[in-house]
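Engineer: My structure file query_21.cif, mmCIF, N, CA and C atoms and all ligand atoms; chains and numbers go by the auth columns, is below:
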```cif
data_my_file
loop_
_atom_site.group_PDB
_atom_site.id
_atom_site.type_symbol
_atom_site.label_atom_id
_atom_site.label_comp_id
_atom_site.label_asym_id
_atom_site.label_seq_id
_atom_site.Cartn_x
_atom_site.Cartn_y
_atom_site.Cartn_z
_atom_site.B_iso_or_equiv
_atom_site.auth_seq_id
_atom_site.auth_asym_id
ATOM 1 N N MET A 1 258.430 129.177 210.152 0.00 804 A
ATOM 2 C CA MET A 1 257.627 128.427 211.112 0.00 804 A
ATOM 3 C C MET A 1 257.229 127.091 210.504 0.00 804 A
ATOM 4 N N ALA A 2 257.466 126.033 211.245 0.00 805 A
ATOM 5 C CA ALA A 2 257.200 124.688 210.753 0.00 805 A
ATOM 6 C C ALA A 2 255.699 124.444 210.643 0.00 805 A
ATOM 7 N N ALA A 3 255.322 123.702 209.643 0.00 806 A
ATOM 8 C CA ALA A 3 253.922 123.345 209.489 0.00 806 A
ATOM 9 C C ALA A 3 253.555 122.288 210.520 0.00 806 A
ATOM 10 N N ALA A 4 252.468 122.531 211.226 0.00 807 A
ATOM 11 C CA ALA A 4 252.006 121.571 212.220 0.00 807 A
ATOM 12 C C ALA A 4 250.782 120.841 211.688 0.00 807 A
ATOM 13 N N GLU A 5 250.546 119.685 212.268 0.00 808 A
ATOM 14 C CA GLU A 5 249.351 118.954 211.866 0.00 808 A
ATOM 15 C C GLU A 5 248.389 118.849 213.034 0.00 808 A
ATOM 16 N N CYS A 6 247.146 118.926 212.729 0.00 809 A
ATOM 17 C CA CYS A 6 246.099 118.778 213.728 0.00 809 A
ATOM 18 C C CYS A 6 246.103 117.340 214.249 0.00 809 A
ATOM 19 N N PRO A 7 246.200 117.130 215.568 0.00 810 A
ATOM 20 C CA PRO A 7 246.217 115.774 216.113 0.00 810 A
ATOM 21 C C PRO A 7 244.878 115.056 215.960 0.00 810 A
ATOM 22 N N VAL A 8 243.836 115.800 215.703 0.00 811 A
ATOM 23 C CA VAL A 8 242.507 115.193 215.587 0.00 811 A
ATOM 24 C C VAL A 8 242.264 114.680 214.172 0.00 811 A
ATOM 25 N N CYS A 9 242.497 115.504 213.188 0.00 812 A
ATOM 26 C CA CYS A 9 242.170 115.111 211.812 0.00 812 A
ATOM 27 C C CYS A 9 243.402 114.990 210.914 0.00 812 A
ATOM 28 N N ASN A 10 244.591 115.319 211.473 0.00 813 A
ATOM 29 C CA ASN A 10 245.842 115.237 210.714 0.00 813 A
ATOM 30 C C ASN A 10 245.914 116.209 209.538 0.00 813 A
ATOM 31 N N TRP A 11 245.053 117.165 209.533 0.00 814 A
ATOM 32 C CA TRP A 11 245.089 118.201 208.508 0.00 814 A
ATOM 33 C C TRP A 11 246.173 119.198 208.864 0.00 814 A
ATOM 34 N N LYS A 12 246.799 119.744 207.875 0.00 815 A
ATOM 35 C CA LYS A 12 247.836 120.739 208.140 0.00 815 A
ATOM 36 C C LYS A 12 247.212 121.993 208.751 0.00 815 A
ATOM 37 N N ILE A 13 247.834 122.467 209.815 0.00 816 A
ATOM 38 C CA ILE A 13 247.309 123.650 210.490 0.00 816 A
ATOM 39 C C ILE A 13 247.836 124.914 209.830 0.00 816 A
ATOM 40 N N GLU A 14 246.906 125.750 209.423 0.00 817 A
ATOM 41 C CA GLU A 14 247.270 127.050 208.861 0.00 817 A
ATOM 42 C C GLU A 14 246.623 128.124 209.711 0.00 817 A
ATOM 43 N N ASN A 15 247.093 129.335 209.543 0.00 818 A
ATOM 44 C CA ASN A 15 246.536 130.463 210.292 0.00 818 A
ATOM 45 C C ASN A 15 246.666 130.295 211.802 0.00 818 A
ATOM 46 N N GLY A 16 247.662 129.540 212.247 0.00 819 A
ATOM 47 C CA GLY A 16 247.909 129.441 213.678 0.00 819 A
ATOM 48 C C GLY A 16 247.119 128.382 214.400 0.00 819 A
ATOM 49 N N GLY A 17 245.955 128.036 213.910 0.00 820 A
ATOM 50 C CA GLY A 17 245.133 127.021 214.551 0.00 820 A
ATOM 51 C C GLY A 17 244.545 127.474 215.872 0.00 820 A
ATOM 52 N N ASN A 18 243.973 126.527 216.589 0.00 821 A
ATOM 53 C CA ASN A 18 243.385 126.798 217.900 0.00 821 A
ATOM 54 C C ASN A 18 244.178 126.056 218.971 0.00 821 A
ATOM 55 N N ASP A 19 244.582 126.769 220.005 0.00 822 A
ATOM 56 C CA ASP A 19 245.278 126.123 221.104 0.00 822 A
ATOM 57 C C ASP A 19 244.281 125.587 222.113 0.00 822 A
ATOM 58 N N VAL A 20 244.470 124.320 222.473 0.00 823 A
ATOM 59 C CA VAL A 20 243.586 123.685 223.452 0.00 823 A
ATOM 60 C C VAL A 20 244.448 123.041 224.529 0.00 823 A
ATOM 61 N N MET A 21 244.146 123.354 225.799 0.00 824 A
ATOM 62 C CA MET A 21 244.887 122.775 226.903 0.00 824 A
ATOM 63 C C MET A 21 244.222 121.481 227.343 0.00 824 A
ATOM 64 N N VAL A 22 244.943 120.374 227.174 0.00 825 A
ATOM 65 C CA VAL A 22 244.436 119.082 227.630 0.00 825 A
ATOM 66 C C VAL A 22 245.566 118.279 228.266 0.00 825 A
ATOM 67 N N ALA A 23 245.224 117.520 229.288 0.00 826 A
ATOM 68 C CA ALA A 23 246.183 116.625 229.930 0.00 826 A
ATOM 69 C C ALA A 23 247.489 117.331 230.269 0.00 826 A
ATOM 70 N N GLY A 24 247.394 118.588 230.678 0.00 827 A
ATOM 71 C CA GLY A 24 248.572 119.315 231.138 0.00 827 A
ATOM 72 C C GLY A 24 249.449 119.859 230.037 0.00 827 A
ATOM 73 N N LYS A 25 249.023 119.741 228.804 0.00 828 A
ATOM 74 C CA LYS A 25 249.809 120.326 227.722 0.00 828 A
ATOM 75 C C LYS A 25 248.900 121.032 226.727 0.00 828 A
ATOM 76 N N THR A 26 249.523 121.902 225.968 0.00 829 A
ATOM 77 C CA THR A 26 248.747 122.636 224.985 0.00 829 A
ATOM 78 C C THR A 26 248.911 121.991 223.619 0.00 829 A
ATOM 79 N N LEU A 27 247.807 121.604 223.035 0.00 830 A
ATOM 80 C CA LEU A 27 247.825 121.053 221.689 0.00 830 A
ATOM 81 C C LEU A 27 247.177 122.051 220.744 0.00 830 A
ATOM 82 N N THR A 28 247.658 122.064 219.529 0.00 831 A
ATOM 83 C CA THR A 28 247.082 122.969 218.544 0.00 831 A
ATOM 84 C C THR A 28 246.298 122.173 217.508 0.00 831 A
ATOM 85 N N VAL A 29 245.065 122.556 217.349 0.00 832 A
ATOM 86 C CA VAL A 29 244.222 121.893 216.352 0.00 832 A
ATOM 87 C C VAL A 29 243.860 122.895 215.258 0.00 832 A
ATOM 88 N N CYS A 30 243.296 122.387 214.183 0.00 833 A
ATOM 89 C CA CYS A 30 243.098 123.229 213.008 0.00 833 A
ATOM 90 C C CYS A 30 241.859 124.103 213.105 0.00 833 A
ATOM 91 N N CYS A 31 240.891 123.678 213.895 0.00 834 A
ATOM 92 C CA CYS A 31 239.629 124.419 213.893 0.00 834 A
ATOM 93 C C CYS A 31 238.857 124.156 215.183 0.00 834 A
ATOM 94 N N ASP A 32 237.784 124.895 215.353 0.00 835 A
ATOM 95 C CA ASP A 32 236.963 124.778 216.544 0.00 835 A
ATOM 96 C C ASP A 32 236.339 123.394 216.679 0.00 835 A
ATOM 97 N N ASP A 33 235.976 122.827 215.572 0.00 836 A
ATOM 98 C CA ASP A 33 235.397 121.492 215.546 0.00 836 A
ATOM 99 C C ASP A 33 236.339 120.473 216.184 0.00 836 A
ATOM 100 N N CYS A 34 237.605 120.542 215.770 0.00 837 A
ATOM 101 C CA CYS A 34 238.601 119.623 216.305 0.00 837 A
ATOM 102 C C CYS A 34 238.880 119.925 217.772 0.00 837 A
ATOM 103 N N ALA A 35 238.784 121.173 218.154 0.00 838 A
ATOM 104 C CA ALA A 35 238.973 121.531 219.556 0.00 838 A
ATOM 105 C C ALA A 35 237.921 120.845 220.425 0.00 838 A
ATOM 106 N N GLN A 36 236.712 120.794 219.939 0.00 839 A
ATOM 107 C CA GLN A 36 235.629 120.131 220.669 0.00 839 A
ATOM 108 C C GLN A 36 235.901 118.636 220.796 0.00 839 A
ATOM 109 N N LYS A 37 236.369 118.024 219.729 0.00 840 A
ATOM 110 C CA LYS A 37 236.664 116.592 219.747 0.00 840 A
ATOM 111 C C LYS A 37 237.812 116.287 220.692 0.00 840 A
ATOM 112 N N LEU A 38 238.809 117.169 220.669 0.00 841 A
ATOM 113 C CA LEU A 38 239.963 116.991 221.539 0.00 841 A
ATOM 114 C C LEU A 38 239.556 117.048 223.001 0.00 841 A
ATOM 115 N N LYS A 39 238.693 117.984 223.342 0.00 842 A
ATOM 116 C CA LYS A 39 238.232 118.112 224.725 0.00 842 A
ATOM 117 C C LYS A 39 237.355 116.932 225.129 0.00 842 A
ATOM 118 N N ALA A 40 236.630 116.387 224.176 0.00 843 A
ATOM 119 C CA ALA A 40 235.726 115.274 224.462 0.00 843 A
ATOM 120 C C ALA A 40 236.493 113.974 224.715 0.00 843 A
ATOM 121 N N ASP A 41 237.662 113.840 224.098 0.00 844 A
ATOM 122 C CA ASP A 41 238.417 112.593 224.207 0.00 844 A
ATOM 123 C C ASP A 41 239.921 112.866 224.195 0.00 844 A
ATOM 124 N N PRO A 42 240.400 113.598 225.204 0.00 845 A
ATOM 125 C CA PRO A 42 241.788 114.072 225.189 0.00 845 A
ATOM 126 C C PRO A 42 242.829 112.964 225.160 0.00 845 A
ATOM 127 N N ASP A 43 242.562 111.861 225.861 0.00 846 A
ATOM 128 C CA ASP A 43 243.548 110.772 225.908 0.00 846 A
ATOM 129 C C ASP A 43 243.885 110.253 224.517 0.00 846 A
ATOM 130 N N ARG A 44 242.866 110.083 223.756 0.00 847 A
ATOM 131 C CA ARG A 44 243.019 109.525 222.422 0.00 847 A
ATOM 132 C C ARG A 44 243.927 110.385 221.543 0.00 847 A
ATOM 133 N N TYR A 45 243.755 111.697 221.637 0.00 848 A
ATOM 134 C CA TYR A 45 244.492 112.588 220.758 0.00 848 A
ATOM 135 C C TYR A 45 245.813 113.049 221.354 0.00 848 A
ATOM 136 N N ALA A 46 245.841 113.210 222.653 0.00 849 A
ATOM 137 C CA ALA A 46 247.083 113.668 223.301 0.00 849 A
ATOM 138 C C ALA A 46 248.203 112.669 223.078 0.00 849 A
ATOM 139 N N ARG A 47 247.854 111.403 223.057 0.00 850 A
ATOM 140 C CA ARG A 47 248.848 110.350 222.889 0.00 850 A
ATOM 141 C C ARG A 47 249.583 110.489 221.553 0.00 850 A
ATOM 142 N N ARG A 48 248.862 110.897 220.550 0.00 851 A
ATOM 143 C CA ARG A 48 249.434 111.012 219.220 0.00 851 A
ATOM 144 C C ARG A 48 250.524 112.061 219.129 0.00 851 A
ATOM 145 N N SER A 49 250.453 113.062 219.964 0.00 852 A
ATOM 146 C CA SER A 49 251.400 114.169 219.837 0.00 852 A
ATOM 147 C C SER A 49 252.565 114.069 220.805 0.00 852 A
ATOM 148 N N GLN A 50 252.687 112.927 221.498 0.00 853 A
ATOM 149 C CA GLN A 50 253.766 112.789 222.476 0.00 853 A
ATOM 150 C C GLN A 50 255.136 112.840 221.835 0.00 853 A
ATOM 151 N N ALA A 51 255.235 112.507 220.585 0.00 854 A
ATOM 152 C CA ALA A 51 256.521 112.501 219.897 0.00 854 A
ATOM 153 C C ALA A 51 257.154 113.890 219.858 0.00 854 A
ATOM 154 N N ARG A 52 256.342 114.923 220.065 0.00 855 A
ATOM 155 C CA ARG A 52 256.886 116.267 220.008 0.00 855 A
ATOM 156 C C ARG A 52 257.713 116.604 221.240 0.00 855 A
ATOM 157 N N ASP A 53 257.474 115.909 222.356 0.00 856 A
ATOM 158 C CA ASP A 53 258.173 116.270 223.595 0.00 856 A
ATOM 159 C C ASP A 53 259.555 115.673 223.669 0.00 856 A
HETATM 160 ZN ZN ZN B . 241.611 119.232 212.741 0.00 901 B
#
```
Hey, can you dump this file as structure tokens for me?

Structural biologist:
Amino acid sequence: MAAAECPVCNWKIENGGNDVMVAGKTLTVCCDDCAQKLKADPDRYARRSQARD
């Protein structure tokens, strides 16, 4: 399984991370803290992960 990075803090995601649904897609962040930030400002973070599609 490829190592993923948290779109919020760019930390490597271990232990599966937290899945958060924003802007019609599911992003995986490293922790609950980042999940809160992602929900608070989804545009900012969702844009960073567009390269995956
Ligand atoms: Zn994070």

Engineer: Dump as a list in words all residues having an atom at most 12 Å from (240.3, 128.5, 220.1), computed in the file's coordinates with only C-alpha atoms.

Structural biologist: Asn818, Gly819, Gly820, Asn821, Asp822, Val823, Met824, Thr829, Leu830, Thr831, Val832, Cys833, Cys834, Asp835, Asp836, Cys837, Ala838, Gln839, Leu841 and Lys842 of chain A

Engineer: As an exercise, work out the distance from atom C of Asp844 of chain A to atom N of Asn813 of chain A in Å and give it to one decimal place.

Structural biologist: 13.8 Å

Engineer: Name the residues of chain A that come out as alpha helix (DSSP H) in a backbone DSSP run; write them as an NGL selection string.

Structural biologist: :A and (835-843 or 845-849)

Engineer: Would you mind exporting the chosen residues as an mmCIF file, keeping the file's coordinate frame, restricted to N, CA and C atoms?

Structural biologist:
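Written output follows (result_3.cif):
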```cif
data_model
loop_
_atom_site.group_PDB
_atom_site.id
_atom_site.type_symbol
_atom_site.label_atom_id
_atom_site.label_comp_id
_atom_site.auth_asym_id
_atom_site.auth_seq_id
_atom_site.Cartn_x
_atom_site.Cartn_y
_atom_site.Cartn_z
ATOM 1 N N ASP A 835 237.784 124.895 215.353
ATOM 2 C CA ASP A 835 236.963 124.778 216.544
ATOM 3 C C ASP A 835 236.339 123.394 216.679
ATOM 4 N N ASP A 836 235.976 122.827 215.572
ATOM 5 C CA ASP A 836 235.397 121.492 215.546
ATOM 6 C C ASP A 836 236.339 120.473 216.184
ATOM 7 N N CYS A 837 237.605 120.542 215.770
ATOM 8 C CA CYS A 837 238.601 119.623 216.305
ATOM 9 C C CYS A 837 238.880 119.925 217.772
ATOM 10 N N ALA A 838 238.784 121.173 218.154
ATOM 11 C CA ALA A 838 238.973 121.531 219.556
ATOM 12 C C ALA A 838 237.921 120.845 220.425
ATOM 13 N N GLN A 839 236.712 120.794 219.939
ATOM 14 C CA GLN A 839 235.629 120.131 220.669
ATOM 15 C C GLN A 839 235.901 118.636 220.796
ATOM 16 N N LYS A 840 236.369 118.024 219.729
ATOM 17 C CA LYS A 840 236.664 116.592 219.747
ATOM 18 C C LYS A 840 237.812 116.287 220.692
ATOM 19 N N LEU A 841 238.809 117.169 220.669
ATOM 20 C CA LEU A 841 239.963 116.991 221.539
ATOM 21 C C LEU A 841 239.556 117.048 223.001
ATOM 22 N N LYS A 842 238.693 117.984 223.342
ATOM 23 C CA LYS A 842 238.232 118.112 224.725
ATOM 24 C C LYS A 842 237.355 116.932 225.129
ATOM 25 N N ALA A 843 236.630 116.387 224.176
ATOM 26 C CA ALA A 843 235.726 115.274 224.462
ATOM 27 C C ALA A 843 236.493 113.974 224.715
ATOM 28 N N PRO A 845 240.400 113.598 225.204
ATOM 29 C CA PRO A 845 241.788 114.072 225.189
ATOM 30 C C PRO A 845 242.829 112.964 225.160
ATOM 31 N N ASP A 846 242.562 111.861 225.861
ATOM 32 C CA ASP A 846 243.548 110.772 225.908
ATOM 33 C C ASP A 846 243.885 110.253 224.517
ATOM 34 N N ARG A 847 242.866 110.083 223.756
ATOM 35 C CA ARG A 847 243.019 109.525 222.422
ATOM 36 C C ARG A 847 243.927 110.385 221.543
ATOM 37 N N TYR A 848 243.755 111.697 221.637
ATOM 38 C CA TYR A 848 244.492 112.588 220.758
ATOM 39 C C TYR A 848 245.813 113.049 221.354
ATOM 40 N N ALA A 849 245.841 113.210 222.653
ATOM 41 C CA ALA A 849 247.083 113.668 223.301
ATOM 42 C C ALA A 849 248.203 112.669 223.078
#
```

Engineer: As a list of chain:residue names, please: every residue in chain A that a backbone DSSP assignment puts in strand (DSSP E).

Structural biologist: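 After running DSSP on the backbone, chain A has strand (DSSP E) at A:Ala807, A:Glu808, A:Lys815, A:Ile816, A:Asn821, A:Asp822, A:Val823, A:Met824, A:Val825, A:Lys828, A:Thr829, A:Leu830, A:Thr831, A:Val832.
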
Engineer: Kindly compute an axis-aligned box around the listed atoms of segment 820-825 of chain A, allowing 4 Å on each side, and express its centre and edge lengths in Å to one decimal as AutoDock Vina command-line options.

Structural biologist:
```
--center_x 244.7 --center_y 123.2 --center_z 221.1 --size_x 10.6 --size_y 17.8 --size_z 22.4
```

Engineer: Find the residue from A:Arg847, A:Glu817, A:Gly827, A:Cys809 that sits nearest to ligand ZN 901 (chain B); use only C-alpha atoms and all ligand atoms when measuring.

Structural biologist: A:Cys809

Engineer: To one decimal place, how far is atom CA of Ala826 of chain A from atom CA of Glu808 of chain A in Å?

Structural biologist: 18.5 Å

Engineer: What is the distance between atom C of Ile816 of chain A and atom CA of Tyr848 of chain A, in Å to one decimal?

Structural biologist: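 Taking atom C of Ile816 of chain A and atom CA of Tyr848 of chain A, their separation equals 16.8 Å.
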